[in-house]
file input.txt (compact mmCIF, C-alpha atoms)
# COMPACT_ATOMS: atom_id res chain seq x y z
CA MET A 1 109.56 273.16 185.76
CA SER A 2 105.84 272.71 185.24
CA THR A 3 103.67 273.85 182.36
CA ASN A 4 100.56 274.93 184.21
CA SER A 5 97.07 275.44 182.88
CA ARG A 6 93.55 276.32 183.91
CA ILE A 7 90.60 274.04 183.10
CA ALA A 8 87.13 275.57 183.07
CA ILE A 9 83.48 275.16 182.12
CA LEU A 10 81.04 277.84 181.01
CA ASN A 11 77.71 277.53 182.85
CA GLU A 12 74.26 278.26 181.41
CA ASN A 13 74.13 281.61 183.23
CA ASN A 14 77.47 282.60 181.58
CA SER A 15 79.44 282.20 184.82
CA VAL A 16 82.59 280.08 184.74
CA GLU A 17 84.04 277.55 187.17
CA SER A 18 87.72 276.72 186.84
CA VAL A 19 90.59 274.86 188.46
CA TYR A 20 94.35 275.17 188.28
CA CYS A 21 96.36 272.24 186.87
CA HIS A 22 100.06 272.12 187.73
CA TRP A 23 101.63 269.66 185.27
CA ASP A 24 101.80 269.20 181.51
CA GLY A 25 99.30 271.86 180.44
CA TYR A 26 100.50 272.02 176.84
CA LEU A 27 98.25 271.05 173.93
CA SER A 28 99.81 267.67 173.23
CA ASN A 29 99.19 266.53 176.82
CA ASN A 30 96.32 268.24 178.69
CA GLY A 31 94.73 269.44 175.46
CA ASN A 32 94.87 265.92 174.05
CA ILE A 33 93.49 264.34 177.23
CA LEU A 34 90.61 266.82 177.47
CA PHE A 35 89.75 266.47 173.78
CA ASN A 36 89.81 262.66 173.80
CA HIS A 37 88.60 261.72 177.30
CA TYR A 38 86.43 264.59 178.59
CA LYS A 39 83.79 264.79 175.88
CA ASP A 40 80.66 264.95 178.02
CA GLU A 41 79.63 267.70 180.39
CA ALA A 42 79.02 265.40 183.35
CA LYS A 43 82.62 264.15 183.31
CA VAL A 44 83.96 267.71 182.93
CA ARG A 45 81.89 268.84 185.92
CA GLU A 46 83.08 265.83 187.93
CA LEU A 47 86.69 266.79 187.16
CA ILE A 48 86.25 270.44 188.14
CA ALA A 49 84.41 269.43 191.34
CA LEU A 50 87.65 267.78 192.52
CA GLY A 51 89.38 271.17 192.74
CA GLN A 52 92.97 271.95 191.88
CA ILE A 53 94.79 269.30 189.88
CA SER A 54 98.37 268.12 190.13
CA SER A 55 98.30 266.03 186.93
CA LEU A 56 95.45 265.36 184.50
CA GLU A 57 94.79 261.83 183.28
CA LYS A 58 91.99 260.13 181.34
CA ASN A 59 90.13 258.94 184.45
CA VAL A 60 88.60 261.15 187.14
CA LYS A 61 88.22 258.43 189.78
CA PRO A 62 90.65 255.70 190.75
CA ILE A 63 89.62 252.12 190.07
CA GLY A 64 91.29 250.71 193.18
CA SER A 65 91.42 251.92 196.76
CA SER A 66 95.18 252.50 197.06
CA HIS A 67 95.42 255.66 194.89
CA SER A 68 96.94 258.66 196.66
CA PHE A 69 99.18 261.63 195.94
CA GLU A 70 102.28 259.53 196.66
CA ASN A 71 100.89 256.28 195.19
CA LYS A 72 99.38 257.31 191.87
CA GLU A 73 97.17 254.87 190.02
CA THR A 74 98.08 254.73 186.33
CA GLY A 75 95.61 256.72 184.21
CA CYS A 76 93.96 258.47 187.19
CA THR A 77 93.93 262.24 187.65
CA VAL A 78 95.83 263.37 190.75
CA VAL A 79 94.22 266.20 192.73
CA TYR A 80 95.31 268.08 195.82
CA HIS A 81 92.07 267.84 197.83
CA ARG A 82 91.13 264.17 197.45
CA ASP A 83 94.63 262.74 197.09
CA ARG A 84 96.68 264.89 199.49
CA GLY A 85 94.10 266.34 201.88
CA ASP A 86 94.53 269.99 200.86
CA SER A 87 91.63 272.45 200.99
CA LEU A 88 89.17 272.25 198.11
CA LYS A 89 89.70 275.17 195.73
CA ILE A 90 87.43 275.87 192.75
CA ASP A 91 87.48 279.35 191.26
CA LYS A 92 84.15 280.90 190.29
CA HIS A 93 83.95 283.78 187.84
CA ILE A 94 80.83 285.82 187.07
CA SER A 95 81.64 285.95 183.35
CA LEU A 96 83.85 284.59 180.59
CA THR A 97 85.75 287.90 180.63
CA GLY A 98 86.39 287.51 184.37
CA TRP A 99 87.77 284.02 183.79
CA GLN A 100 90.01 285.28 181.00
CA ARG A 101 91.45 288.00 183.25
CA HIS A 102 92.05 285.45 186.02
CA SER A 103 93.73 283.06 183.55
CA GLU A 104 96.35 285.53 182.34
CA ARG A 105 99.09 283.95 184.45
CA ARG A 106 98.59 280.42 183.07
CA GLU A 107 100.51 279.04 180.13
CA TYR A 108 97.44 277.31 178.66
CA ASN A 109 93.76 277.82 179.41
CA TYR A 110 91.05 275.34 178.45
CA ILE A 111 87.30 275.91 178.62
CA TYR A 112 84.38 273.60 177.86
CA ILE A 113 81.54 275.45 176.11
CA ASP A 114 78.42 273.74 174.72
CA GLY A 115 80.05 270.34 174.21
CA LYS A 116 83.35 271.59 172.77
CA TRP A 117 86.74 272.45 174.19
CA TYR A 118 88.44 275.77 173.46
CA TYR A 119 91.85 277.03 174.52
CA ASN A 120 94.11 280.01 174.51
CA ASP A 121 97.86 280.15 174.78
CA GLY A 122 99.00 282.28 177.72
CA HIS A 123 102.22 283.11 175.87
CA LYS A 124 100.25 285.16 173.34
CA LYS A 125 99.09 288.71 173.87
CA ASP A 126 95.40 288.22 173.00
CA LEU A 127 94.05 286.05 175.81
CA LYS A 128 90.47 286.77 174.79
CA ALA A 129 90.93 284.83 171.55
CA LEU A 130 89.71 281.27 172.02
CA THR A 131 90.57 278.54 169.52
CA GLU A 132 88.55 275.35 169.26
CA LEU A 133 90.52 272.32 170.43
CA THR A 134 90.82 269.77 167.62
CA GLU A 135 92.66 266.55 166.94
CA ILE A 136 95.11 268.53 164.82
CA ASN A 137 96.15 271.10 167.41
CA THR A 138 96.29 268.53 170.23
CA ALA A 139 98.95 266.67 168.22
CA GLU A 140 101.24 269.72 168.30
CA THR A 141 104.31 269.29 170.47
CA GLU A 142 105.98 271.90 172.61

call {"tool": "encode", "arguments": {"input": "input.txt", "output": "structure tokens"}}
result
Amino acid sequence: MSTNSRIAILNENNSVESVYCHWDGYLSNNGNILFNHYKDEAKVRELIALGQISSLEKNVKPIGSSHSFENKETGCTVVYHRDRGDSLKIDKHISLTGWQRHSERREYNYIYIDGKWYYNDGHKKDLKALTELTEINTAETE
């Protein structure tokens, strides 16, 4: 069974772009990867531009030419559009509140705002409460 998540970025006009991520959405995996390897906005935008994600890794692009959905390159994010040929799907929300409502079905939700990552735990009742992602909470295990 997967632990899914949603990965998002808040734009300057307060709209949000987000993508679904199927595997390992918990803090000690996706939270840790985002916190440690997706520190700059350009890389976050590059990740979201790929659309829905199967599994998040530290690299957005493969180094070699043989990476695919069935032949995963170690350390490379696997996405449905580029790596399996599925339709590109990026969700766009007119506000942070709209994104939060859309994210209610996800176990973990991550959003990049002004150079920092925040998250909420979909198991909790208050999905509007965002907590800053830190080295301490990304070390938590599920």

call {"tool": "atom_distance", "arguments": {"input": "input.txt", "atom1": "CA of Gln100 (chain A)", "atom2": "CA of Val78 (chain A)"}}
result
24.7 Å

call {"tool": "closest_atom_pairs", "arguments": {"input": "input.txt", "of": "region 49-90 of chain A", "to": "region 3-16 of chain A", "cutoff": "12 Å", "atoms": "all atoms listed in the file", "output": "Markdown table"}}
result
| residue | atom | partner | partner_atom | distance |
| --- | --- | --- | --- | --- |
| A:Ala49 | CA | A:Ala8 | CA | 10.7 |
| A:Leu50 | CA | A:Ile7 | CA | 11.7 |
| A:Gly51 | CA | A:Ile7 | CA | 10.1 |
| A:Gln52 | CA | A:Arg6 | CA | 9.1 |
| A:Ile53 | CA | A:Ile7 | CA | 9.3 |
| A:Ser54 | CA | A:Asn4 | CA | 9.3 |
| A:Ser55 | CA | A:Asn4 | CA | 9.6 |
| A:Leu56 | CA | A:Ile7 | CA | 10.0 |
| A:Ile90 | CA | A:Ala8 | CA | 9.7 |

call {"tool": "residues_around", "arguments": {"input": "input.txt", "residues": "region 132-140 of chain A", "least_positions_apart": "4", "cutoff": "6 Å", "atoms": "all atoms listed in the file", "output": "ChimeraX atom specification"}}
result
/A:27-28,31-32,117-118

call {"tool": "closest_residue", "arguments": {"input": "input.txt", "among": "A:Val44, A:Val60, A:Leu96, A:Leu34", "to": "Arg82 (chain A)", "atoms": "all atoms listed in the file"}}
result
A:Val60

call {"tool": "atom_distance", "arguments": {"input": "input.txt", "atom1": "CA of Phe35 (chain A)", "atom2": "CA of Glu70 (chain A)"}}
result
27.0 Å

call {"tool": "closest_residue", "arguments": {"input": "input.txt", "among": "A:Val79, A:Ile33, A:Ser66, A:Ser103", "to": "Asp91 (chain A)", "atoms": "all atoms listed in the file"}}
result
A:Ser103

call {"tool": "atom_distance", "arguments": {"input": "input.txt", "atom1": "CA of Asn30 (chain A)", "atom2": "CA of Lys58 (chain A)"}}
result
9.6 Å

call {"tool": "residues_near_point", "arguments": {"input": "input.txt", "point": "(98.9, 258.7, 193.7)", "cutoff": "9 Å", "atoms": "all atoms listed in the file", "output": "JSON, numbers by chain"}}
result
{"A": [66, 67, 68, 69, 70, 71, 72, 73, 74, 76, 77, 78, 79, 83, 84]}

call {"tool": "axis_aligned_box", "arguments": {"input": "input.txt", "around": "region 33-48 of chain A", "padding_each_side": "6 Å", "output": "JSON"}}
result
{"center_x": 86.3, "center_y": 266.1, "center_z": 181.0, "size_x": 26.5, "size_y": 20.7, "size_z": 26.4}

call {"tool": "decode", "arguments": {"input": "input.txt", "residues": "region 66-131 of chain A", "atoms": "C-alpha atoms", "output": "PDB file, in the first residue's frame"}}
result
ATOM      1  CA  SER A  66      18.039   4.442 -20.396  1.00  0.00           C
ATOM      2  CA  HIS A  67      15.812   5.688 -17.525  1.00  0.00           C
ATOM      3  CA  SER A  68      12.158   4.688 -17.848  1.00  0.00           C
ATOM      4  CA  PHE A  69       9.228   3.664 -15.680  1.00  0.00           C
ATOM      5  CA  GLU A  70      10.325   0.015 -15.844  1.00  0.00           C
ATOM      6  CA  ASN A  71      14.080   0.740 -15.824  1.00  0.00           C
ATOM      7  CA  LYS A  72      14.539   3.279 -13.047  1.00  0.00           C
ATOM      8  CA  GLU A  73      17.839   5.090 -12.739  1.00  0.00           C
ATOM      9  CA  THR A  74      19.024   5.149  -9.126  1.00  0.00           C
ATOM     10  CA  GLY A  75      18.391   8.541  -7.508  1.00  0.00           C
ATOM     11  CA  CYS A  76      16.091   9.807 -10.298  1.00  0.00           C
ATOM     12  CA  THR A  77      12.470  10.802  -9.742  1.00  0.00           C
ATOM     13  CA  VAL A  78      10.023   8.583 -11.633  1.00  0.00           C
ATOM     14  CA  VAL A  79       7.064  10.374 -13.219  1.00  0.00           C
ATOM     15  CA  TYR A  80       4.075   9.124 -15.168  1.00  0.00           C
ATOM     16  CA  HIS A  81       4.255  11.527 -18.136  1.00  0.00           C
ATOM     17  CA  ARG A  82       7.944  11.443 -19.055  1.00  0.00           C
ATOM     18  CA  ASP A  83       8.700   7.892 -17.940  1.00  0.00           C
ATOM     19  CA  ARG A  84       5.521   5.996 -18.876  1.00  0.00           C
ATOM     20  CA  GLY A  85       3.881   8.187 -21.525  1.00  0.00           C
ATOM     21  CA  ASP A  86       0.773   9.102 -19.506  1.00  0.00           C
ATOM     22  CA  SER A  87      -0.976  12.455 -19.940  1.00  0.00           C
ATOM     23  CA  LEU A  88       0.660  15.407 -18.205  1.00  0.00           C
ATOM     24  CA  LYS A  89      -1.340  16.369 -15.105  1.00  0.00           C
ATOM     25  CA  ILE A  90      -0.546  19.425 -12.981  1.00  0.00           C
ATOM     26  CA  ASP A  91      -3.260  20.757 -10.699  1.00  0.00           C
ATOM     27  CA  LYS A  92      -3.716  24.522 -10.524  1.00  0.00           C
ATOM     28  CA  HIS A  93      -5.502  26.167  -7.623  1.00  0.00           C
ATOM     29  CA  ILE A  94      -6.522  29.824  -7.424  1.00  0.00           C
ATOM     30  CA  SER A  95      -5.550  30.072  -3.754  1.00  0.00           C
ATOM     31  CA  LEU A  96      -3.802  28.344  -0.875  1.00  0.00           C
ATOM     32  CA  THR A  97      -7.229  27.530   0.581  1.00  0.00           C
ATOM     33  CA  GLY A  98      -8.251  25.873  -2.696  1.00  0.00           C
ATOM     34  CA  TRP A  99      -5.109  23.743  -2.625  1.00  0.00           C
ATOM     35  CA  GLN A 100      -5.767  22.752   0.985  1.00  0.00           C
ATOM     36  CA  ARG A 101      -9.306  21.625   0.130  1.00  0.00           C
ATOM     37  CA  HIS A 102      -8.003  19.634  -2.846  1.00  0.00           C
ATOM     38  CA  SER A 103      -5.300  18.023  -0.675  1.00  0.00           C
ATOM     39  CA  GLU A 104      -7.678  16.628   1.940  1.00  0.00           C
ATOM     40  CA  ARG A 105      -7.468  13.109   0.521  1.00  0.00           C
ATOM     41  CA  ARG A 106      -3.656  12.906   0.686  1.00  0.00           C
ATOM     42  CA  GLU A 107      -1.771  11.480   3.631  1.00  0.00           C
ATOM     43  CA  TYR A 108       0.915  14.195   3.491  1.00  0.00           C
ATOM     44  CA  ASN A 109       0.913  17.550   1.727  1.00  0.00           C
ATOM     45  CA  TYR A 110       4.050  19.582   1.044  1.00  0.00           C
ATOM     46  CA  ILE A 111       4.194  23.163  -0.203  1.00  0.00           C
ATOM     47  CA  TYR A 112       7.148  25.388  -1.082  1.00  0.00           C
ATOM     48  CA  ILE A 113       6.583  28.983   0.040  1.00  0.00           C
ATOM     49  CA  ASP A 114       9.231  31.732  -0.176  1.00  0.00           C
ATOM     50  CA  GLY A 115      12.214  29.381  -0.064  1.00  0.00           C
ATOM     51  CA  LYS A 116      10.905  27.060   2.666  1.00  0.00           C
ATOM     52  CA  TRP A 117       8.973  23.813   2.729  1.00  0.00           C
ATOM     53  CA  TYR A 118       5.831  23.389   4.818  1.00  0.00           C
ATOM     54  CA  TYR A 119       3.651  20.336   5.320  1.00  0.00           C
ATOM     55  CA  ASN A 120       0.466  19.104   6.852  1.00  0.00           C
ATOM     56  CA  ASP A 121      -0.481  15.619   7.888  1.00  0.00           C
ATOM     57  CA  GLY A 122      -3.650  14.425   6.159  1.00  0.00           C
ATOM     58  CA  HIS A 123      -4.416  12.166   9.126  1.00  0.00           C
ATOM     59  CA  LYS A 124      -5.076  15.216  11.299  1.00  0.00           C
ATOM     60  CA  LYS A 125      -8.294  17.177  11.354  1.00  0.00           C
ATOM     61  CA  ASP A 126      -6.837  20.664  10.788  1.00  0.00           C
ATOM     62  CA  LEU A 127      -5.518  20.562   7.230  1.00  0.00           C
ATOM     63  CA  LYS A 128      -5.148  24.342   7.150  1.00  0.00           C
ATOM     64  CA  ALA A 129      -2.357  24.180   9.734  1.00  0.00           C
ATOM     65  CA  LEU A 130       1.000  24.170   7.979  1.00  0.00           C
ATOM     66  CA  THR A 131       4.189  23.227   9.821  1.00  0.00           C
TER      67      THR A 131
END
